[in-house]
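K.L.:
File name my_file_35.cif; file contents mmCIF, C-alpha atoms; full text below.
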```
data_structure
#
loop_
_atom_site.label_atom_id
_atom_site.label_comp_id
_atom_site.auth_asym_id
_atom_site.auth_seq_id
_atom_site.Cartn_x
_atom_site.Cartn_y
_atom_site.Cartn_z
CA MET A 1 -56.20 14.48 73.21
CA ALA A 2 -59.81 14.07 72.27
CA PRO A 3 -61.35 10.58 72.36
CA VAL A 4 -62.08 10.83 68.66
CA GLU A 5 -58.47 11.60 67.77
CA ARG A 6 -57.24 8.82 70.03
CA ALA A 7 -59.60 6.38 68.33
CA ALA A 8 -58.37 7.48 64.89
CA LEU A 9 -54.73 6.97 65.88
CA THR A 10 -55.44 3.54 67.25
CA ALA A 11 -57.31 2.58 64.09
CA GLY A 12 -54.36 3.80 61.95
CA ALA A 13 -51.86 1.77 63.95
CA ILE A 14 -54.02 -1.31 63.68
CA GLY A 15 -54.36 -0.78 59.90
CA ALA A 16 -50.57 -0.43 59.44
CA ALA A 17 -49.95 -3.58 61.45
CA VAL A 18 -52.46 -5.49 59.34
CA LEU A 19 -50.86 -4.25 56.12
CA LYS A 20 -47.40 -5.28 57.35
CA ARG A 21 -48.59 -8.73 58.25
CA GLY A 22 -50.36 -8.98 54.90
CA GLU A 23 -47.17 -8.08 53.07
CA ARG A 24 -45.19 -10.70 54.99
CA ALA A 25 -47.80 -13.34 54.33
CA THR A 26 -47.87 -12.48 50.61
CA LEU A 27 -44.08 -12.64 50.31
CA ALA A 28 -43.96 -15.92 52.20
CA ALA A 29 -46.60 -17.35 49.89
CA LEU A 30 -44.60 -16.12 46.86
CA ASP A 31 -41.40 -17.71 48.20
CA SER A 32 -43.10 -21.03 48.68
CA LEU A 33 -44.66 -20.76 45.22
CA LEU A 34 -41.31 -20.03 43.56
CA ALA A 35 -39.70 -22.91 45.39
CA SER A 36 -42.35 -25.31 44.22
CA ARG A 37 -42.28 -27.50 41.09
CA ILE A 38 -45.31 -25.65 39.80
CA ALA A 39 -43.27 -22.46 39.30
CA ALA A 40 -40.67 -24.34 37.29
CA GLU A 41 -43.42 -25.96 35.25
CA ILE A 42 -45.02 -22.55 34.60
CA VAL A 43 -41.71 -21.13 33.38
CA ASP A 44 -41.12 -24.12 31.11
CA ARG A 45 -44.60 -23.87 29.62
CA VAL A 46 -44.35 -20.12 29.09
CA LEU A 47 -40.98 -20.49 27.34
CA ALA A 48 -42.31 -23.35 25.22
CA SER A 49 -45.29 -21.31 24.11
CA THR A 50 -45.26 -18.62 21.40
CA LEU A 51 -45.73 -15.98 24.04
CA VAL A 52 -42.03 -15.26 24.48
CA ARG A 53 -41.44 -15.06 20.75
CA ARG A 54 -44.38 -12.70 20.34
CA ALA A 55 -43.10 -10.58 23.19
CA VAL A 56 -39.65 -10.40 21.58
CA ASP A 57 -41.18 -9.56 18.20
CA ARG A 58 -43.26 -6.82 19.72
CA ALA A 59 -40.29 -5.45 21.62
CA LEU A 60 -38.28 -5.32 18.39
CA GLU A 61 -41.13 -3.77 16.44
CA GLU A 62 -41.82 -1.14 19.06
CA GLY A 63 -38.17 -0.11 19.23
CA VAL A 64 -37.81 -1.18 22.84
CA VAL A 65 -34.49 -2.85 22.14
CA GLU A 66 -33.11 0.22 20.38
CA HIS A 67 -34.24 2.39 23.24
CA ALA A 68 -32.59 0.09 25.76
CA ALA A 69 -29.39 0.01 23.70
CA ASP A 70 -29.39 3.80 23.40
CA ARG A 71 -29.95 4.15 27.09
CA LEU A 72 -27.14 1.70 27.81
CA LEU A 73 -24.71 3.42 25.48
CA GLU A 74 -25.56 6.91 26.69
CA GLY A 75 -25.37 6.07 30.36
CA GLN A 76 -22.31 5.55 32.52
CA GLU A 77 -23.19 1.99 33.46
CA LEU A 78 -21.69 0.31 30.43
CA GLU A 79 -18.52 2.37 30.74
CA ARG A 80 -18.18 1.37 34.37
CA VAL A 81 -18.74 -2.31 33.58
CA VAL A 82 -16.18 -2.25 30.76
CA GLN A 83 -13.69 -0.36 32.88
CA SER A 84 -14.02 -2.75 35.79
CA ALA A 85 -13.70 -5.71 33.42
CA LEU A 86 -10.54 -4.24 31.92
CA ASP A 87 -9.10 -3.53 35.35
CA SER A 88 -9.65 -7.05 36.57
CA PRO A 89 -6.64 -9.41 36.59
CA ALA A 90 -8.72 -11.99 34.76
CA VAL A 91 -8.36 -9.98 31.55
CA ASP A 92 -4.56 -9.99 31.86
CA ARG A 93 -4.57 -13.72 32.42
CA LEU A 94 -6.89 -14.23 29.47
CA ILE A 95 -4.72 -12.10 27.17
CA ALA A 96 -1.60 -13.92 28.32
CA ARG A 97 -3.23 -17.27 27.56
CA VAL A 98 -4.39 -16.09 24.14
CA MET A 99 -0.93 -14.77 23.30
CA GLN A 100 0.63 -18.07 24.27
CA SER A 101 -1.78 -20.15 22.24
CA GLU A 102 -0.48 -21.63 19.02
CA GLU A 103 -3.87 -21.23 17.38
CA LEU A 104 -3.62 -17.44 17.54
CA TRP A 105 -0.25 -17.42 15.77
CA ARG A 106 -1.55 -19.90 13.22
CA VAL A 107 -4.43 -17.53 12.48
CA VAL A 108 -2.06 -14.54 12.31
CA ASP A 109 0.20 -16.50 9.96
CA GLU A 110 -2.74 -17.46 7.78
CA ILE A 111 -3.91 -13.86 7.57
CA ALA A 112 -0.43 -12.52 6.89
CA HIS A 113 0.08 -14.94 4.02
CA SER A 114 -3.39 -14.63 2.57
CA PRO A 115 -3.53 -13.36 -1.03
CA GLU A 116 -5.79 -10.49 -0.03
CA VAL A 117 -3.30 -9.15 2.52
CA THR A 118 -0.22 -9.64 0.33
CA ASP A 119 -2.04 -8.04 -2.60
CA ALA A 120 -3.04 -5.11 -0.44
CA ILE A 121 0.54 -4.65 0.78
CA ALA A 122 1.88 -4.94 -2.76
CA GLN A 123 -0.68 -2.43 -3.98
CA GLN A 124 0.22 -0.03 -1.20
CA SER A 125 3.93 -0.42 -1.96
CA ILE A 126 3.36 0.19 -5.66
CA GLY A 127 1.23 3.21 -4.84
CA PHE A 128 3.90 4.64 -2.56
CA ALA A 129 6.71 4.00 -5.06
CA ASP A 130 4.60 5.53 -7.81
CA GLN A 131 3.97 8.57 -5.64
CA VAL A 132 7.70 9.02 -4.96
CA ALA A 133 8.55 8.52 -8.64
CA GLY A 134 5.87 11.04 -9.58
CA GLY A 135 7.47 13.62 -7.32
CA VAL A 136 10.90 12.95 -8.82
CA ARG A 137 9.49 13.22 -12.36
CA ALA A 138 7.79 16.53 -11.66
CA ARG A 139 10.96 18.00 -10.12
CA SER A 140 13.22 16.71 -12.87
CA ARG A 141 11.01 18.24 -15.56
CA SER A 142 11.01 21.55 -13.73
CA ALA A 143 14.80 21.34 -13.51
CA ASP A 144 15.00 20.59 -17.24
CA THR A 145 12.96 23.67 -18.08
CA TRP A 146 14.98 25.84 -15.70
CA ILE A 147 18.40 24.69 -16.99
CA GLU A 148 17.42 25.01 -20.64
CA THR A 149 16.01 28.47 -20.10
CA LYS A 150 19.28 29.57 -18.48
CA VAL A 151 21.49 27.97 -21.14
CA ARG A 152 19.45 29.33 -24.01
CA ARG A 153 19.48 32.78 -22.49
CA ALA A 154 23.27 32.58 -21.99
CA LEU A 155 23.72 31.51 -25.63
CA ARG A 156 21.26 34.21 -26.78
CA ARG A 157 19.02 31.60 -28.33
CA GLY A 158 15.27 31.95 -28.32
CA PRO A 159 13.02 29.70 -26.28
CA ALA A 160 12.65 26.13 -27.49
CA PRO A 161 9.75 25.65 -29.89
CA ALA A 162 6.73 23.74 -28.65
CA SER A 163 7.59 20.05 -28.97
CA ASP A 164 5.52 17.65 -30.99
CA GLY A 165 7.25 14.57 -29.70
CA GLY A 166 8.14 13.46 -33.16
CA MET B 1 1.85 13.26 -31.47
CA GLU B 2 3.47 11.13 -28.72
CA GLY B 3 4.40 13.63 -26.05
CA GLU B 4 7.07 16.10 -25.17
CA TYR B 5 10.78 15.71 -25.77
CA GLU B 6 12.49 14.90 -22.51
CA GLY B 7 15.36 16.93 -21.09
CA LEU B 8 18.78 16.27 -19.65
CA VAL B 9 17.90 15.97 -15.95
CA THR B 10 15.04 13.51 -16.47
CA ARG B 11 17.17 11.37 -18.78
CA ALA B 12 20.14 11.50 -16.41
CA ILE B 13 17.98 10.21 -13.54
CA ALA B 14 16.64 7.40 -15.74
CA PHE B 15 20.23 6.52 -16.72
CA ALA B 16 21.29 6.54 -13.06
CA ILE B 17 18.51 4.06 -12.22
CA ASP B 18 19.64 1.82 -15.08
CA ALA B 19 23.28 2.09 -14.01
CA ALA B 20 22.29 1.10 -10.48
CA ILE B 21 20.41 -1.96 -11.77
CA ILE B 22 23.28 -2.98 -14.07
CA ASN B 23 25.90 -2.63 -11.36
CA LEU B 24 23.79 -4.33 -8.70
CA VAL B 25 23.31 -7.37 -10.91
CA ALA B 26 26.99 -7.32 -11.89
CA ILE B 27 28.10 -7.15 -8.26
CA VAL B 28 25.87 -10.07 -7.25
CA VAL B 29 27.06 -12.18 -10.19
CA ALA B 30 30.71 -11.24 -9.59
CA ALA B 31 30.41 -12.14 -5.93
CA GLY B 32 28.93 -15.52 -6.85
CA MET B 33 31.65 -16.16 -9.42
CA ALA B 34 34.39 -15.14 -6.99
CA LEU B 35 32.98 -17.52 -4.40
CA ALA B 36 32.86 -20.36 -6.90
CA LEU B 37 36.40 -19.67 -8.18
CA SER B 38 37.79 -19.50 -4.65
CA VAL B 39 36.70 -23.11 -4.18
CA LEU B 40 38.30 -24.31 -7.42
CA HIS B 41 41.92 -23.20 -6.60
CA LEU B 42 42.76 -22.16 -10.17
CA PRO B 43 46.42 -21.36 -11.05
CA SER B 44 47.35 -17.72 -10.60
CA GLY B 45 48.36 -17.48 -14.23
CA LEU B 46 44.70 -17.52 -15.16
CA ASP B 47 43.95 -14.34 -13.24
CA PRO B 48 44.42 -11.95 -16.20
CA VAL B 49 42.18 -14.18 -18.32
CA LEU B 50 39.51 -14.20 -15.65
CA VAL B 51 39.70 -10.42 -15.25
CA ALA B 52 39.45 -9.92 -19.01
CA SER B 53 36.53 -12.35 -19.18
CA GLY B 54 34.78 -10.52 -16.36
CA ALA B 55 35.30 -7.15 -18.03
CA THR B 56 34.02 -8.51 -21.35
CA ALA B 57 30.98 -10.02 -19.65
CA TYR B 58 30.28 -6.72 -17.90
CA ALA B 59 30.55 -4.79 -21.18
CA LEU B 60 28.29 -7.26 -22.96
CA TRP B 61 25.79 -7.17 -20.15
CA SER B 62 25.72 -3.36 -20.14
CA PHE B 63 25.45 -3.11 -23.93
CA GLY B 64 22.89 -5.88 -24.06
CA TYR B 65 20.78 -4.29 -21.36
CA PHE B 66 20.37 -1.02 -23.22
CA VAL B 67 20.21 -2.44 -26.74
CA VAL B 68 17.58 -5.04 -25.86
CA PHE B 69 15.34 -2.66 -23.95
CA TRP B 70 15.64 0.17 -26.46
CA SER B 71 14.95 -2.07 -29.45
CA SER B 72 12.11 -4.04 -27.85
CA THR B 73 9.93 -1.59 -25.94
CA GLY B 74 11.93 1.60 -26.33
CA GLN B 75 12.14 1.78 -22.57
CA THR B 76 14.70 0.63 -20.05
CA PRO B 77 13.48 0.11 -16.47
CA GLY B 78 14.90 3.54 -15.61
CA ASP B 79 13.00 5.06 -18.52
CA ARG B 80 9.88 3.33 -17.29
CA VAL B 81 10.23 4.85 -13.85
CA MET B 82 10.75 8.30 -15.35
CA ARG B 83 8.06 7.67 -17.99
CA ILE B 84 10.18 8.40 -20.99
CA ARG B 85 10.65 6.42 -24.18
CA VAL B 86 13.18 6.19 -27.03
CA ARG B 87 11.63 6.53 -30.47
CA MET B 88 12.89 6.78 -34.04
CA GLU B 89 12.70 10.37 -35.12
CA GLY B 90 9.57 11.08 -37.14
CA ARG B 91 8.31 7.49 -37.04
CA GLY B 92 7.32 6.94 -33.45
CA GLU B 93 8.56 3.35 -33.23
CA PRO B 94 11.39 1.89 -31.14
CA PRO B 95 14.80 1.73 -32.83
CA ARG B 96 15.85 -1.54 -34.43
CA PRO B 97 18.70 -3.45 -32.74
CA ALA B 98 21.34 -2.04 -35.12
CA ARG B 99 20.15 1.51 -34.41
CA ALA B 100 20.05 0.79 -30.72
CA LEU B 101 23.65 -0.44 -30.93
CA VAL B 102 24.66 2.75 -32.74
CA ARG B 103 22.92 4.75 -30.04
CA MET B 104 24.81 2.84 -27.35
CA VAL B 105 28.14 3.52 -29.08
CA GLY B 106 27.10 7.16 -29.44
CA LEU B 107 26.35 7.23 -25.73
CA LEU B 108 29.94 6.20 -24.99
CA LEU B 109 31.30 8.74 -27.47
CA ALA B 110 29.18 11.46 -25.88
CA ALA B 111 30.54 10.56 -22.45
CA ILE B 112 34.23 10.47 -23.42
CA PRO B 113 34.82 14.26 -23.74
CA LEU B 114 33.70 14.97 -20.15
CA PHE B 115 30.07 14.27 -21.10
CA ALA B 116 30.13 17.17 -23.56
CA GLY B 117 28.14 15.07 -26.03
CA PHE B 118 25.13 15.35 -23.78
CA LEU B 119 25.16 19.15 -23.68
CA THR B 120 23.47 19.34 -27.05
CA ILE B 121 20.32 18.16 -25.26
CA LEU B 122 20.19 21.59 -23.63
CA VAL B 123 20.23 23.56 -26.88
CA ASP B 124 18.72 21.26 -29.48
CA ASP B 125 15.10 22.00 -30.35
CA ARG B 126 14.27 18.30 -30.03
CA ARG B 127 16.48 17.81 -27.01
CA ARG B 128 18.75 15.36 -28.82
CA GLY B 129 22.16 14.34 -27.52
CA LEU B 130 25.06 13.23 -29.70
CA HIS B 131 23.89 9.62 -29.47
CA ASP B 132 20.40 10.64 -30.61
CA LEU B 133 21.81 12.56 -33.54
CA LEU B 134 23.94 9.56 -34.57
CA ALA B 135 21.11 7.02 -34.25
CA GLY B 136 18.28 9.25 -35.47
CA THR B 137 16.31 8.88 -32.25
CA VAL B 138 14.45 11.15 -29.88
CA VAL B 139 13.40 10.68 -26.26
CA VAL B 140 9.78 11.50 -25.60
CA SER B 141 7.43 11.27 -22.67
CA ALA B 142 5.50 8.02 -22.42
CA ARG B 143 1.77 8.06 -22.10
CA GLU B 144 0.20 6.52 -19.03
CA GLU B 145 -1.95 3.42 -18.99
CA PRO B 146 -3.88 2.00 -16.06
CA LEU B 147 -2.24 -0.85 -14.16
CA PRO B 148 -3.87 -4.24 -14.63
CA PRO B 149 -6.04 -5.17 -11.65
CA LEU B 150 -4.54 -7.37 -8.97
CA ARG B 151 -6.35 -10.55 -8.06
CA GLY B 152 -8.55 -10.53 -4.99
CA ARG B 153 -10.66 -7.83 -3.46
CA HIS B 154 -7.96 -5.16 -3.53
CA ALA B 155 -8.02 -4.78 -7.28
CA ALA B 156 -8.61 -1.74 -9.44
CA ALA B 157 -6.70 0.85 -7.45
CA PRO B 158 -6.41 4.09 -9.42
CA LEU B 159 -2.73 3.66 -10.24
CA THR B 160 -1.10 4.12 -13.60
CA ARG B 161 1.97 2.84 -15.32
CA VAL B 162 3.75 3.77 -18.47
CA GLY B 163 2.81 1.83 -21.48
#
```
Let me see the structure of the file written as structure tokens.

P.N.:
Amino acid sequence: MAPVERAALTAGAIGAAVLKRGERATLAALDSLLASRIAAEIVDRVLASTLVRRAVDRALEEGVVEHAADRLLEGQELERVVQSALDSPAVDRLIARVMQSEELWRVVDEIAHSPEVTDAIAQQSIGFADQVAGGVRARSRSADTWIETKVRRALRRGPAPASDGG
Amino acid sequence: MEGEYEGLVTRAIAFAIDAAIINLVAIVVAAGMALALSVLHLPSGLDPVLVASGATAYALWSFGYFVVFWSSTGQTPGDRVMRIRVRMEGRGEPPRPARALVRMVGLLLAAIPLFAGFLTILVDDRRRGLHDLLAGTVVVSAREEPLPPLRGRHAAAPLTRVG
């Protein structure tokens, strides 16, 4: 190996070691900064200022939130989180507690007896009964026409004149 | 012009609905009366009187049901379901109580000879049975009117009822 190449390699190794030490020193300084009261004070002051609100406003205006929501909904991450939450026994315990609570059944009772719900059920029942009755009416009128046609033909009478409902 | 004359099948179904209502009410009332009488321990000699009273009440109830509905709105509940209506012939109004009573008697007379009195509905140009001919009535289709809205947010569904 030529002396020049050897010198270059040595210089590179020294540079890498310096960078590594610099990184460690920077991270150590950051750790001590974050652990200090000054960091907490900085965070409090930033949150108290209008900066956060402006940042949120800008994010909303620029569509950043929509983009993030789209990304979240399109990706598999949300599905995985929901699936793991549903699979956890905590959900079963939570559902069991909710089902046992009297408040839930009070709410269900209130909803079931609310005028809106009873009116909706009544309306649906009337609609269904009216539908059934409509079917019966249509069939009975067809049967009337059929029977009268047969009887009139058997008696050699002409078709019934158009009714005026007198 | 009020609508078409209604035929035998439609009217028979309306009558069957009315008969079901009449008998259901009669059965409930009779059951209640029987329960009450079983507590009172009445002498057995009163049984024929009670039976005759029950039969009279049933006949009055049946007659009253038809006569009142025909003479008031021209429609029994069964007629309402089938959307038909009893009208005086040529006048378009419900029969008066006396006419309704005549029609009811005519209905019984039409039923006595194996319901032969109803067969004229099949051949008459105005689809009149014997009872219609006796009372001067016709049975026509009832026009439809929208149902009144229910209270709350679920009102104004596109349903109709006979009017």

K.L.:
Name every residue that the PyMOL selection byres ((chain A) within 12 of (chain B)) selects in this structure, writing the answer as number ranges by chain with chains first and numbers rising.

P.N.:
A: 114-166

K.L.:
Tell me, in Å to one decimal, how far atom CA of Leu134 of chain B is from atom CA of Val102 of chain B.

P.N.:
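Computing it gives 7.1 Å between the two atoms.
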
K.L.:
Record the distance separating atom CA of Val86 of chain B and atom CA of Trp70 of chain B, expressed in Å with one decimal.

P.N.:
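Distance reported for this atom pair: 6.5 Å.
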
K.L.:
Figure out the distance between atom CA of Tyr65 of chain B and atom CA of Ala31 of chain B, please, to one decimal in Å.

P.N.:
19.8 Å

K.L.:
Might you spell out which residues the PyMOL selection byres ((chain B and resi 129) around 7) would select in the displayed file, as a list in words?

P.N.:
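Going through the file, the PyMOL selection byres ((chain B and resi 129) around 7) ends up selecting Gly117, Phe118, Leu119, Thr120, Ile121, Arg127, Arg128, Leu130, His131, Asp132 and Leu133 of chain B.
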
K.L.:
Please produce an output containing C-alpha atoms for each residue in the selection, written as a compact mmCIF listing (two decimals), keeping the file's coordinate frame.

P.N.:
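result_5.txt, freshly written:
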```txt
# COMPACT_ATOMS: atom_id res chain seq x y z
CA GLY B 117 28.14 15.07 -26.03
CA PHE B 118 25.13 15.35 -23.78
CA LEU B 119 25.16 19.15 -23.68
CA THR B 120 23.47 19.34 -27.05
CA ILE B 121 20.32 18.16 -25.26
CA ARG B 127 16.48 17.81 -27.01
CA ARG B 128 18.75 15.36 -28.82
CA LEU B 130 25.06 13.23 -29.70
CA HIS B 131 23.89 9.62 -29.47
CA ASP B 132 20.40 10.64 -30.61
CA LEU B 133 21.81 12.56 -33.54
```

K.L.:
From the set B:Gly45, B:Ala34, B:Phe63, B:Thr76, which residue has the shortest atom-to-atom contact distance to Val105 of chain B, counting all atoms listed in the file?

P.N.:
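Between B:Gly45, B:Ala34, B:Phe63, B:Thr76, the residue approaching Val105 of chain B most closely is B:Phe63.
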
K.L.:
As a ChimeraX atom specification, please: the residues near segment 57-62 of chain B (cut-off 9 Å, all atoms listed in the file, same-chain neighbours under 5 positions excluded).

P.N.:
/B:19,22-23,26,52,67

K.L.:
Which one of B:Ser72, B:Arg99, B:Leu107, B:Leu50 sits closest to Leu37 of chain B if you count only C-alpha atoms?

P.N.:
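Result for the nearest residue to Leu37 of chain B: B:Leu50.
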